[in-house]
Amino acid sequence: MLASGEGRLRIRNPAVTRETILAAAQTMMAERGPQQLTVSDVARRAGVNRGTAYQHFPTREELVAAVLDRLYRTTKRVRAASVPPTLSERIDSIVEYIVGHPELLRLSLFRMLAGIPNPSEDLWVDYLEQVRTFVAPPRGRTGIDAEMLAVILLGATMLWALRVQSGAASPTANRRYLRELKRLLLYGVLHPARHQGLVRAVRAHSVPPRRSRITRVVRITPAAAKRKGRS
């Protein structure tokens, strides 16, 4: 369909319009959370007609779900496009991605706090299957609860990313977090003998223990104090 404006013709592209609305909604959700979002406000931010926005997303709930689904699938696509060759580098890459994308973290936290169901449940199922494969014997130990481990890994990394992004931890401390995360996986979940590359990575990043300063305490007796006073 063609629409005229200032003597020029503009082709209406529903796919482009939908993407424009979603991009504006994602920015607004990251700023103030999904509960404050309205389709009308998003239409104004996106520069589209309010009626057009409602044609694409009749309700706020549908808009929020579409934004989150778009965000999670974009994340998966970007992550899948460049997979590091070693396990140690893959762990680094995942953590650094979450730390470096505050919008992903904020929207995920907003969704959980607002009690909004995960619109991309299949992505969680994929992630869980990856964890199951990761810990399966003989490379992993027997008896590991893969589902709970998946929650622990994601929760810990999200909390760490939140500390970095809020300024409570410095970005350079990321190396320490990665070292301890790998150590926990290596000696609590995996068999070190089957992950020598990860063993070397942990050893390479180990911090030598600090030498304690020993203060010599000299006990002065009254007689010694008297002799010192004469000198």
# chains A, B, ... in the order shown; residues from 1 in each chain; ligands from 1
call {"tool": "residues_around", "arguments": {"residues": "Val39 (chain A)", "least_positions_apart": "5", "cutoff": "9 Å", "atoms": "only C-alpha atoms", "output": "NGL selection string"}}
result
:A and (25 or 44 or 50 or 53-54 or 57-60 or 63)
call {"tool": "closest_residue", "arguments": {"among": "A:Thr157, A:Thr74, A:Ser88, A:Gln130", "to": "Arg203 (chain A)", "atoms": "only C-alpha atoms"}}
result
A:Ser88
call {"tool": "residues_around", "arguments": {"residues": "Ser120 (chain A)", "least_positions_apart": "5", "cutoff": "10 Å", "atoms": "only C-alpha atoms", "output": "list in words"}}
result
Ala65, Ala66, Leu68, Asp69, Arg70, Leu71, Tyr72, Arg73 and Val125 of chain A
call {"tool": "closest_residue", "arguments": {"among": "A:Ala201, A:Ala169, A:Leu184, A:Leu123", "to": "Ile152 (chain A)", "atoms": "only C-alpha atoms"}}
result
A:Leu184
call {"tool": "residues_around", "arguments": {"residues": "Gly188 (chain A)", "least_positions_apart": "3", "cutoff": "10 Å", "atoms": "only C-alpha atoms", "output": "ChimeraX atom specification"}}
result
/A:140-141,144,182-185,191-192
call {"tool": "select_by_dssp", "arguments": {"residues": "region 29-162 of chain A", "states": "alpha helix (DSSP H)", "output": "PyMOL selection string"}}
result
chain A and resi 29-32+39-46+50-56+60-81+87-99+102-113+121-135+146-162
call {"tool": "residues_around", "arguments": {"residues": "region 146-150 of chain A", "least_positions_apart": "4", "cutoff": "10 Å", "atoms": "only C-alpha atoms", "output": "list in words"}}
result
Trp124, Val125, Tyr127, Leu128, Glu129, Gln130, Val131, Arg132, Thr133, Phe134, Val135, Ala136, Leu154, Gly155, Leu185 and Val189 of chain A
call {"tool": "atom_distance", "arguments": {"atom1": "CA of Thr27 (chain A)", "atom2": "CA of Asp41 (chain A)"}}
result
11.9 Å
call {"tool": "atom_distance", "arguments": {"atom1": "CA of Ala156 (chain A)", "atom2": "CA of Lys76 (chain A)"}}
result
19.3 Å
call {"tool": "closest_residue", "arguments": {"among": "A:Glu62, A:Asp145, A:Glu31, A:Glu19", "to": "Glu103 (chain A)", "atoms": "only C-alpha atoms"}}
result
A:Glu31
call {"tool": "closest_residue", "arguments": {"among": "A:Ile21, A:Val151, A:Leu104, A:Val95", "to": "Arg179 (chain A)", "atoms": "only C-alpha atoms"}}
result
A:Val95
call {"tool": "closest_residue", "arguments": {"among": "A:Leu107, A:Asn118, A:His101, A:His195", "to": "Gln165 (chain A)", "atoms": "only C-alpha atoms"}}
result
A:His101
call {"tool": "atom_distance", "arguments": {"atom1": "CA of Val99 (chain A)", "atom2": "CA of Gly115 (chain A)"}}
result
23.2 Å
call {"tool": "closest_residue", "arguments": {"among": "A:Leu181, A:Ala204, A:Ile116, A:Leu109", "to": "Glu61 (chain A)", "atoms": "only C-alpha atoms"}}
result
A:Ile116
